[in-house]
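Containing compact mmCIF, C-alpha atoms: protein-v7.txt.
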# COMPACT_ATOMS: atom_id res chain seq x y z
CA MET A 17 -20.01 5.43 -8.25
CA ARG A 18 -21.48 5.90 -11.73
CA ARG A 19 -23.21 2.84 -13.23
CA ARG A 20 -20.74 2.67 -16.16
CA THR A 21 -17.75 2.84 -13.83
CA LEU A 22 -19.30 0.25 -11.51
CA LEU A 23 -19.81 -2.17 -14.36
CA LYS A 24 -16.24 -1.68 -15.60
CA ALA A 25 -14.86 -2.21 -12.09
CA ALA A 26 -16.91 -5.39 -11.64
CA ILE A 27 -16.45 -6.99 -15.06
CA LEU A 28 -12.90 -6.10 -16.07
CA PRO A 29 -11.03 -7.87 -13.22
CA ALA A 30 -12.43 -11.17 -14.45
CA MET A 31 -11.18 -10.42 -17.95
CA GLY A 32 -7.80 -9.09 -16.79
CA ALA A 33 -6.27 -12.54 -16.57
CA LEU A 34 -7.09 -13.05 -20.23
CA GLY A 35 -6.28 -9.60 -21.56
CA GLY A 36 -2.94 -8.73 -19.92
CA PRO A 37 -1.66 -5.13 -19.55
CA LEU A 38 -4.44 -3.55 -21.66
CA TRP A 39 -7.16 -4.83 -19.37
CA SER A 40 -5.13 -3.84 -16.30
CA ALA A 41 -4.99 -0.28 -17.59
CA LEU A 42 -8.76 -0.24 -18.15
CA ILE A 43 -9.35 -1.52 -14.62
CA ALA A 44 -7.15 1.23 -13.21
CA GLU A 45 -9.10 3.88 -15.16
CA ALA A 46 -12.42 2.52 -13.92
CA GLN A 47 -11.29 2.66 -10.29
CA ALA A 48 -9.31 5.90 -10.45
CA GLN A 49 -11.87 8.66 -10.14
CA PRO A 50 -12.91 10.03 -6.72
CA ALA A 51 -15.80 8.14 -5.18
CA PRO A 52 -18.99 9.55 -3.68
CA ALA A 53 -18.91 10.09 0.09
CA ALA A 54 -19.43 6.85 2.00
CA GLY A 55 -23.08 6.23 2.76
CA ALA A 56 -24.17 9.40 0.98
CA GLN A 57 -27.33 9.39 -1.07
CA ALA A 58 -27.87 11.31 -4.28
CA THR A 59 -30.24 14.23 -3.81
CA PRO A 60 -32.42 16.04 -6.38
CA PHE A 61 -30.87 19.21 -7.79
CA ASP A 62 -32.27 21.97 -9.99
CA ALA A 63 -31.79 25.68 -10.72
CA PHE A 64 -33.53 26.67 -7.48
CA THR A 65 -31.77 24.31 -5.04
CA VAL A 66 -28.93 26.61 -4.02
CA ARG A 67 -31.18 29.67 -3.92
CA GLN A 68 -33.41 27.91 -1.40
CA MET A 69 -30.37 26.95 0.69
CA ALA A 70 -29.12 30.54 0.68
CA ARG A 71 -32.55 31.90 1.62
CA GLU A 72 -32.79 29.49 4.56
CA ARG A 73 -29.25 30.30 5.74
CA ALA A 74 -29.92 34.02 5.72
CA GLN A 75 -32.81 33.49 8.13
CA LYS A 76 -30.52 31.87 10.71
CA PRO A 77 -27.58 33.26 12.73
CA TYR A 78 -24.28 33.15 10.89
CA LYS A 79 -22.02 30.20 11.65
CA ALA A 80 -18.35 30.51 10.65
CA PRO A 81 -16.94 27.72 8.43
CA ASP A 82 -15.00 24.81 9.90
CA THR A 83 -11.28 25.68 9.98
CA LYS A 84 -10.07 22.82 12.22
CA LEU A 85 -7.35 20.71 10.69
CA PRO A 86 -5.57 17.49 11.75
CA ALA A 87 -2.18 17.98 13.41
CA GLN A 88 -0.37 16.99 10.19
CA LEU A 89 -1.96 19.92 8.35
CA ASP A 90 -2.38 22.51 11.09
CA LYS A 91 0.88 24.42 10.68
CA LEU A 92 1.89 23.97 7.06
CA SER A 93 4.22 26.54 5.56
CA TYR A 94 3.88 27.88 2.01
CA ASP A 95 6.43 25.33 0.76
CA ASP A 96 4.78 22.50 2.69
CA TYR A 97 1.44 23.26 1.12
CA ARG A 98 2.94 23.32 -2.38
CA ASN A 99 4.18 19.78 -1.70
CA ILE A 100 0.59 18.50 -1.54
CA ARG A 101 -0.28 17.84 -5.16
CA PHE A 102 -3.43 16.42 -6.67
CA ASN A 103 -2.85 13.24 -8.64
CA ALA A 104 -3.91 14.19 -12.17
CA GLU A 105 -4.64 10.53 -12.92
CA ARG A 106 -7.57 10.82 -10.48
CA ALA A 107 -9.17 13.88 -12.10
CA LEU A 108 -12.95 13.82 -12.33
CA TRP A 109 -14.20 12.85 -15.80
CA ARG A 110 -10.76 11.71 -16.91
CA GLY A 111 -11.35 9.10 -19.57
CA ASP A 112 -14.94 10.22 -20.20
CA ASN A 113 -14.03 11.94 -23.49
CA LEU A 114 -15.27 15.33 -22.26
CA LYS A 115 -13.67 18.75 -22.78
CA PHE A 116 -13.36 19.33 -19.02
CA GLN A 117 -11.73 17.69 -16.03
CA LEU A 118 -11.69 18.69 -12.35
CA GLN A 119 -8.70 18.56 -10.03
CA LEU A 120 -9.36 19.01 -6.31
CA LEU A 121 -7.45 21.25 -3.90
CA HIS A 122 -6.36 20.22 -0.41
CA ARG A 123 -6.92 22.14 2.79
CA GLY A 124 -3.98 23.69 4.64
CA PHE A 125 -1.76 26.80 4.94
CA LEU A 126 -4.00 29.84 4.18
CA PHE A 127 -6.79 27.59 2.89
CA ARG A 128 -8.24 26.23 6.12
CA ASP A 129 -11.98 26.54 5.39
CA LYS A 130 -13.74 23.27 4.69
CA VAL A 131 -15.53 23.31 1.32
CA ASP A 132 -18.02 20.63 0.28
CA LEU A 133 -18.06 19.54 -3.38
CA PHE A 134 -20.89 17.86 -5.28
CA VAL A 135 -21.13 16.60 -8.85
CA VAL A 136 -24.49 17.03 -10.58
CA SER A 137 -25.61 14.62 -13.29
CA GLU A 138 -29.10 13.89 -14.62
CA GLY A 139 -30.71 16.10 -11.98
CA GLN A 140 -28.98 14.35 -9.05
CA ALA A 141 -26.22 15.77 -6.81
CA ARG A 142 -23.66 13.43 -5.31
CA PRO A 143 -21.03 14.51 -2.76
CA VAL A 144 -17.36 13.94 -3.56
CA ALA A 145 -15.57 12.13 -0.74
CA TYR A 146 -12.19 13.23 0.55
CA GLN A 147 -9.56 10.51 0.11
CA PRO A 148 -5.88 11.03 0.98
CA ASP A 149 -4.83 8.92 -2.00
CA LEU A 150 -6.26 11.56 -4.33
CA PHE A 151 -3.12 13.54 -3.47
CA ARG A 152 0.64 13.11 -3.41
CA PHE A 153 2.26 14.22 -0.14
CA GLU A 154 5.89 14.98 -0.99
CA HIS A 155 9.14 16.03 0.73
CA GLY A 156 8.18 14.95 4.22
CA VAL A 157 4.64 16.32 4.38
CA ALA A 158 2.59 13.74 6.29
CA ALA A 159 -0.72 12.52 4.90
CA PRO A 160 -3.82 12.69 7.11
CA ASP A 161 -5.29 9.55 8.66
CA PRO A 162 -7.14 7.64 5.90
CA ALA A 163 -10.05 7.23 8.34
CA ASP A 164 -10.56 11.01 8.32
CA ASN A 165 -12.85 10.99 5.29
CA ASN A 166 -14.76 14.11 6.35
CA LEU A 167 -11.87 16.52 5.79
CA GLY A 168 -13.40 18.09 2.69
CA PHE A 169 -11.49 20.27 0.25
CA SER A 170 -10.41 23.89 -0.10
CA GLY A 171 -11.54 24.28 -3.72
CA PHE A 172 -10.89 22.93 -7.19
CA ARG A 173 -9.34 23.64 -10.59
CA ILE A 174 -11.05 23.30 -13.97
CA HIS A 175 -8.91 21.91 -16.79
CA SER A 176 -9.60 21.90 -20.53
CA PRO A 177 -7.55 21.61 -23.79
CA LEU A 178 -6.99 25.36 -24.00
CA ASN A 179 -3.65 25.65 -25.80
CA ARG A 180 -3.22 22.13 -27.22
CA ALA A 181 -5.72 19.49 -28.19
CA ASP A 182 -3.76 16.78 -26.37
CA TYR A 183 -3.26 18.52 -23.00
CA PHE A 184 -5.73 19.68 -20.33
CA ASP A 185 -4.58 23.15 -19.23
CA GLU A 186 -5.77 24.80 -16.04
CA VAL A 187 -8.38 27.35 -17.12
CA ALA A 188 -10.06 28.40 -13.84
CA VAL A 189 -9.66 27.96 -10.10
CA PHE A 190 -12.03 28.48 -7.17
CA GLN A 191 -10.22 28.59 -3.82
CA GLY A 192 -10.14 30.74 -0.70
CA ALA A 193 -13.01 32.89 0.66
CA SER A 194 -15.08 33.72 -2.47
CA TYR A 195 -12.09 34.09 -4.80
CA PHE A 196 -12.06 32.77 -8.36
CA ARG A 197 -10.03 33.46 -11.50
CA ALA A 198 -9.70 32.28 -15.08
CA ILE A 199 -7.42 32.60 -18.09
CA ALA A 200 -7.76 32.46 -21.87
CA LYS A 201 -5.57 30.82 -24.50
CA GLY A 202 -1.91 31.84 -24.23
CA GLN A 203 -2.40 33.71 -20.96
CA VAL A 204 -1.11 33.41 -17.40
CA TYR A 205 -3.07 34.33 -14.30
CA GLY A 206 -3.36 38.00 -13.33
CA SER A 207 -6.18 39.54 -11.34
CA SER A 208 -8.72 37.50 -9.39
CA ALA A 209 -12.36 38.16 -8.64
CA ARG A 210 -14.53 37.71 -5.56
CA GLY A 211 -18.12 36.61 -5.50
CA LEU A 212 -18.97 39.23 -2.89
CA SER A 213 -16.87 41.85 -1.11
CA VAL A 214 -18.17 43.60 2.00
CA LYS A 215 -16.80 46.69 3.76
CA THR A 216 -13.73 46.96 1.52
CA GLY A 217 -11.54 49.80 2.79
CA ASP A 218 -13.63 50.19 5.94
CA PRO A 219 -11.50 51.36 8.92
CA ALA A 220 -13.29 48.80 11.09
CA GLY A 221 -12.01 45.98 8.85
CA GLU A 222 -13.19 44.09 5.79
CA GLU A 223 -15.57 41.14 5.82
CA PHE A 224 -14.67 38.15 3.67
CA PRO A 225 -17.67 36.05 2.58
CA VAL A 226 -16.90 32.41 1.88
CA PHE A 227 -18.06 29.88 -0.69
CA VAL A 228 -18.96 26.95 1.57
CA ALA A 229 -20.12 24.47 -1.10
CA TYR A 230 -20.06 23.95 -4.87
CA TRP A 231 -22.23 21.89 -7.19
CA ILE A 232 -20.46 21.23 -10.51
CA GLU A 233 -22.60 20.01 -13.38
CA LYS A 234 -21.09 17.23 -15.44
CA PRO A 235 -20.54 18.75 -18.92
CA GLN A 236 -22.40 17.48 -21.95
CA ALA A 237 -20.47 15.33 -24.42
CA GLY A 238 -19.02 17.70 -27.00
CA GLY A 239 -20.04 20.75 -24.95
CA ASP A 240 -17.71 23.76 -24.80
CA SER A 241 -18.91 25.18 -21.48
CA ILE A 242 -19.15 24.07 -17.87
CA VAL A 243 -21.72 25.19 -15.28
CA LEU A 244 -21.26 25.29 -11.53
CA HIS A 245 -23.26 26.58 -8.60
CA ALA A 246 -21.93 27.94 -5.31
CA LEU A 247 -23.40 28.70 -1.89
CA LEU A 248 -21.87 31.77 -0.23
CA ASP A 249 -22.17 32.70 3.43
CA SER A 250 -21.02 35.57 5.65
CA ALA A 251 -22.04 37.55 8.69
CA SER A 252 -23.89 40.06 6.49
CA ALA A 253 -25.51 37.86 3.84
CA ALA A 254 -25.95 34.51 2.16
CA ALA A 255 -26.05 34.13 -1.62
CA ALA A 256 -26.50 31.67 -4.45
CA PHE A 257 -24.22 31.82 -7.50
CA ARG A 258 -24.33 30.23 -10.93
CA PHE A 259 -21.21 30.33 -13.12
CA THR A 260 -21.14 29.42 -16.80
CA ILE A 261 -17.54 29.18 -18.03
CA ARG A 262 -16.59 28.96 -21.71
CA PRO A 263 -12.79 28.87 -22.21
CA GLY A 264 -11.08 29.71 -25.48
CA ASP A 265 -9.22 32.52 -27.25
CA SER A 266 -11.31 34.71 -24.95
CA THR A 267 -12.59 32.97 -21.84
CA ASN A 268 -16.12 34.07 -21.02
CA MET A 269 -17.60 33.67 -17.56
CA ALA A 270 -21.26 34.50 -16.96
CA VAL A 271 -21.98 35.05 -13.26
CA GLU A 272 -25.50 35.09 -11.84
CA MET A 273 -26.08 35.86 -8.16
CA THR A 274 -29.08 36.02 -5.84
CA LEU A 275 -28.33 37.82 -2.57
CA TYR A 276 -30.14 37.33 0.75
CA PRO A 277 -28.91 39.93 3.29
CA ARG A 278 -28.82 39.24 7.00
CA ALA A 279 -28.17 42.89 7.74
CA ASP A 280 -27.95 46.25 6.00
CA ILE A 281 -24.86 46.36 3.72
CA ASP A 282 -23.63 49.85 2.91
CA LYS A 283 -20.35 48.87 1.21
CA ALA A 284 -20.54 45.88 -1.10
CA GLY A 285 -19.13 44.73 -4.41
CA ILE A 286 -20.50 41.93 -6.62
CA GLY A 287 -18.02 39.97 -8.75
CA THR A 288 -15.33 42.34 -7.53
CA LEU A 289 -11.99 42.47 -9.34
CA THR A 290 -9.04 42.23 -6.98
CA SER A 291 -5.30 42.31 -7.58
CA MET A 292 -2.08 42.27 -5.60
CA PHE A 293 0.12 45.28 -6.41
CA PHE A 294 3.38 45.85 -4.52
CA PHE A 295 5.21 48.03 -7.03
CA GLY A 296 5.62 48.59 -10.77
CA PRO A 297 7.43 50.82 -13.26
CA ASN A 298 5.06 53.72 -12.57
CA ASP A 299 5.09 53.40 -8.76
CA ARG A 300 8.29 52.36 -6.97
CA ASP A 301 8.09 54.74 -4.03
CA GLY A 302 10.32 53.53 -1.21
CA THR A 303 11.17 50.27 -3.01
CA ASP A 304 14.75 49.02 -3.33
CA ASP A 305 14.36 45.90 -5.44
CA PHE A 306 16.08 44.65 -8.59
CA ARG A 307 12.81 43.38 -10.06
CA PRO A 308 10.95 45.77 -12.39
CA MET A 309 7.55 44.79 -11.04
CA VAL A 310 5.91 42.68 -8.29
CA ALA A 311 2.17 42.48 -8.91
CA ASP A 312 -0.65 40.30 -10.20
CA ALA A 313 -1.60 43.06 -12.66
CA GLY A 314 -0.18 46.42 -13.70
CA ALA A 315 -3.30 48.15 -15.00
CA LEU A 316 -7.04 47.99 -15.46
CA SER A 317 -8.39 47.81 -19.02
CA VAL A 318 -12.09 48.49 -19.63
CA ALA A 319 -14.11 48.30 -22.84
CA ASN A 320 -17.27 50.27 -22.09
CA GLY A 321 -20.67 50.35 -23.75
CA ARG A 322 -19.79 53.36 -25.91
CA GLY A 323 -16.99 51.56 -27.72
CA GLU A 324 -14.28 53.28 -25.68
CA ARG A 325 -11.26 51.47 -24.28
CA LEU A 326 -9.95 52.77 -20.98
CA TRP A 327 -6.51 52.07 -19.49
CA ARG A 328 -5.70 52.91 -15.87
CA PRO A 329 -2.27 51.97 -14.43
CA LEU A 330 -2.39 50.65 -10.86
CA GLN A 331 -0.61 52.37 -8.01
CA ASN A 332 -0.52 52.28 -4.23
CA PRO A 333 -2.42 55.28 -2.83
CA ARG A 334 -0.77 57.26 -0.05
CA ASN A 335 -4.06 57.31 1.85
CA LEU A 336 -6.94 54.87 1.87
Can you turn what I pasted into C-alpha cells?
Amino acid sequence: MRRRTLLKAAILPAMGALGGPLWSALIAEAQAQPAPAAGAQATPFDAFTVRQMARERAQKPYKAPDTKLPAQLDKLSYDDYRNIRFNAERALWRGDNLKFQLQLLHRGFLFRDKVDLFVVSEGQARPVAYQPDLFRFEHGVAAPDPADNNLGFSGFRIHSPLNRADYFDEVAVFQGASYFRAIAKGQVYGSSARGLSVKTGDPAGEEFPVFVAYWIEKPQAGGDSIVLHALLDSASAAAAFRFTIRPGDSTNMAVEMTLYPRADIDKAGIGTLTSMFFFGPNDRDGTDDFRPMVADAGALSVANGRGERLWRPLQNPRNL
C-alpha cells in the first residue's frame, strides 16, 4: 500500500467519529484501491528490466501460460463473462487527481491465460493482488474463493477524460493473447492490433504469442500520457514492449519492441492490425442477413510518407 494511502487508512478511522459522513467517505477512498500482493516485495524497475526478462526467457524452453481456472470460472458462457464487472470505485489511481485510471479484467470465457500486473512508481515495481471484491459477480455467476489470491487477471482497461472533463472514458484495452486497441475522442472501437503475429495464414496453423505480464507506470501529475511495459512469450520468440499512449482528438500510441527469437521466424508481423470482417455492403456473398454490415472495420485507410491517402475496402477472399 502506498505511504499516503496507509496514513489515511490509519489516521482517518480515529477521526471518523468526530467528522461524520465526510470522514467515512474519505476512509472508503483510502481503502478502496487494489492492494499489492500479500507478502510481495517491491523490486527495482528501469527501462532494461523487461528486456532482460525477455532475453532470459528466450534462452529457455517455451512454457505455455497458466490457463487453469477454478470450477466457478471454468465453463463461463459469453453472457456469464459479461456479468463479471470491475467495480469502478476500486480503479487504480482513483482519487489521485491524475488523468488516468486503470480498471482490471477478470479471467474466464475466452480469456483463460493468467496475466500478472505490476504498478511502477519511483523506480519500484509492485504486483497487484487479485481480490474477488474488486469485481461484481452478477446474475448468478459465482465468485471464486476469496482465499484464491493467486488467480491473476486477463488484462486491463485504461480510462481517461476523453470526451468530457468529468467522466473517465475507456481509451485503451489490453486483453487476450497480444491484442490491444485504442480509440480517440468521439470514436468507438474498430480494428485491434497484436504485439506480434506469427505464421498468419500458414496452412499448418497460426501461432498466437501472449503478453504474460505488464508493468504500468504511474502517470505524472498533470501528465497527458501513460507508459506501460509488457513481456511477450511464445514458442518462437520472447519480446519486450514499451507503449506510450497519449489519448485525445487523435490518440497516439508509440510502440517499441525488442525481439529475442527462439527459432527462425519466416512469417511474422510486428504491431499487426487485425479486424473481424463477416460481411459488408461491398461483399455479401452467400449472406442472408437483414443487417447491412457485421464487422469491426469496413476498410483500411493509410496516410503514407508521400502525402497520399489510400483507402482499401475489406472483403473475404475466396482463397487464402
Quiz item: Which residues come within 9 Å of Lys234 (chain A), counting all atoms listed in the file, excluding same-chain residues fewer than 5 positions away, as number ranges by chain?
Solution: A: 109, 116, 135-138, 242-244
Can you spit out the residues from that selection as a PDB file, in the coordinates of the input, using C-alpha atoms?
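What follows is the written file selection_18.pdb:
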ATOM      1  CA  TRP A 109     -14.200  12.850 -15.800  1.00  0.00           C
ATOM      2  CA  PHE A 116     -13.360  19.330 -19.020  1.00  0.00           C
ATOM      3  CA  VAL A 135     -21.130  16.600  -8.850  1.00  0.00           C
ATOM      4  CA  VAL A 136     -24.490  17.030 -10.580  1.00  0.00           C
ATOM      5  CA  SER A 137     -25.610  14.620 -13.290  1.00  0.00           C
ATOM      6  CA  GLU A 138     -29.100  13.890 -14.620  1.00  0.00           C
ATOM      7  CA  ILE A 242     -19.150  24.070 -17.870  1.00  0.00           C
ATOM      8  CA  VAL A 243     -21.720  25.190 -15.280  1.00  0.00           C
ATOM      9  CA  LEU A 244     -21.260  25.290 -11.530  1.00  0.00           C
TER      10      LEU A 244
END
Quick one: which region 192-263 of chain A residues come within 12 Å of region 151-173 of chain A, and what is the nearest atom pair for each with the distance in Å to one decimal, counting only C-alpha atoms, rows ordered by chain and ascending number, as a Markdown table?
| residue | atom | partner | partner_atom | distance |
| --- | --- | --- | --- | --- |
| A:Gly192 | CA | A:Ser170 | CA | 6.9 |
| A:Ala193 | CA | A:Ser170 | CA | 9.4 |
| A:Ser194 | CA | A:Gly171 | CA | 10.2 |
| A:Tyr195 | CA | A:Gly171 | CA | 9.9 |
| A:Phe196 | CA | A:Gly171 | CA | 9.7 |
| A:Arg197 | CA | A:Arg173 | CA | 9.9 |
| A:Ala198 | CA | A:Arg173 | CA | 9.7 |
| A:Ile199 | CA | A:Arg173 | CA | 11.8 |
| A:Val226 | CA | A:Ser170 | CA | 10.9 |
| A:Phe227 | CA | A:Gly171 | CA | 9.1 |
| A:Val228 | CA | A:Ser170 | CA | 9.2 |
| A:Ala229 | CA | A:Gly171 | CA | 9.0 |
| A:Tyr230 | CA | A:Gly171 | CA | 8.6 |
| A:Trp231 | CA | A:Phe172 | CA | 11.4 |
| A:Ile232 | CA | A:Phe172 | CA | 10.3 |
| A:Leu244 | CA | A:Phe172 | CA | 11.5 |
| A:Ala246 | CA | A:Gly171 | CA | 11.1 |
Self-check item: Contacts of Asp299 (chain A) within 8 Å, only C-alpha atoms, excl. fewer than 2 positions in-chain, as a ChimeraX atom specification
Solution: /A:295-297,301,331-332
Quiz item: If you measure from CA of Thr216 (chain A) to CA of Phe190 (chain A), what distance in Å do you get, rounded to one decimal?
Solution: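 Separation between CA of Thr216 (chain A) and CA of Phe190 (chain A): 20.5 Å.
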Quiz prompt | One-decimal distance in Å that lies between CA of Ala256 (chain A) and CA of Gln68 (chain A) | solution =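 Interatomic distance, CA of Gln68 (chain A) to CA of Ala256 (chain A): 8.4 Å.
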Exercise. Determine the nearest neighbour of Val310 (chain A) from the options A:Gly206, A:Pro143, A:Gly287, A:Pro263, counting only C-alpha atoms.
Key: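 The shortest atom-to-atom distance to Val310 (chain A) comes from A:Gly206.
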Practice problem: Work out how far CA of Asn113 (chain A) is from CA of Gln236 (chain A), in Å to one decimal. | Solution: 10.2 Å
Quiz item: Any idea what's packed within 9 Å of Ala70 (chain A), counting all atoms listed in the file, ignoring anything in its chain fewer than 5 positions away? Could you give it as a ChimeraX atom specification?
Solution: /A:65,75,247-249,253-256,274-276
Written selection (C-alpha atoms) as an mmCIF file, in the coordinates of the input:
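Listing of out08.cif after writing:
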data_model
loop_
_atom_site.group_PDB
_atom_site.id
_atom_site.type_symbol
_atom_site.label_atom_id
_atom_site.label_comp_id
_atom_site.auth_asym_id
_atom_site.auth_seq_id
_atom_site.Cartn_x
_atom_site.Cartn_y
_atom_site.Cartn_z
ATOM 1 C CA THR A 65 -31.770 24.310 -5.040
ATOM 2 C CA GLN A 75 -32.810 33.490 8.130
ATOM 3 C CA LEU A 247 -23.400 28.700 -1.890
ATOM 4 C CA LEU A 248 -21.870 31.770 -0.230
ATOM 5 C CA ASP A 249 -22.170 32.700 3.430
ATOM 6 C CA ALA A 253 -25.510 37.860 3.840
ATOM 7 C CA ALA A 254 -25.950 34.510 2.160
ATOM 8 C CA ALA A 255 -26.050 34.130 -1.620
ATOM 9 C CA ALA A 256 -26.500 31.670 -4.450
ATOM 10 C CA THR A 274 -29.080 36.020 -5.840
ATOM 11 C CA LEU A 275 -28.330 37.820 -2.570
ATOM 12 C CA TYR A 276 -30.140 37.330 0.750
#
Practice problem: Go through A:Val214, A:Ala313, A:Val204, A:Leu126 and flag the residue nearest Asp282 (chain A), using all atoms listed in the file for the distances. | Solution: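 Closest to Asp282 (chain A) of all the choices is A:Val214.
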Quiz prompt | Shell around Val187 (chain A) at 12 Å using all atoms listed in the file, local window under 4 positions removed, as a PyMOL selection string | solution = chain A and resi 115-119+172-179+183+196-205+241-242+261-269
Quiz item: Using all atoms listed in the file, which of A:Arg106, A:Arg123, A:Lys76, A:Arg67 sits nearest Leu92 (chain A)?
Solution: A:Arg123
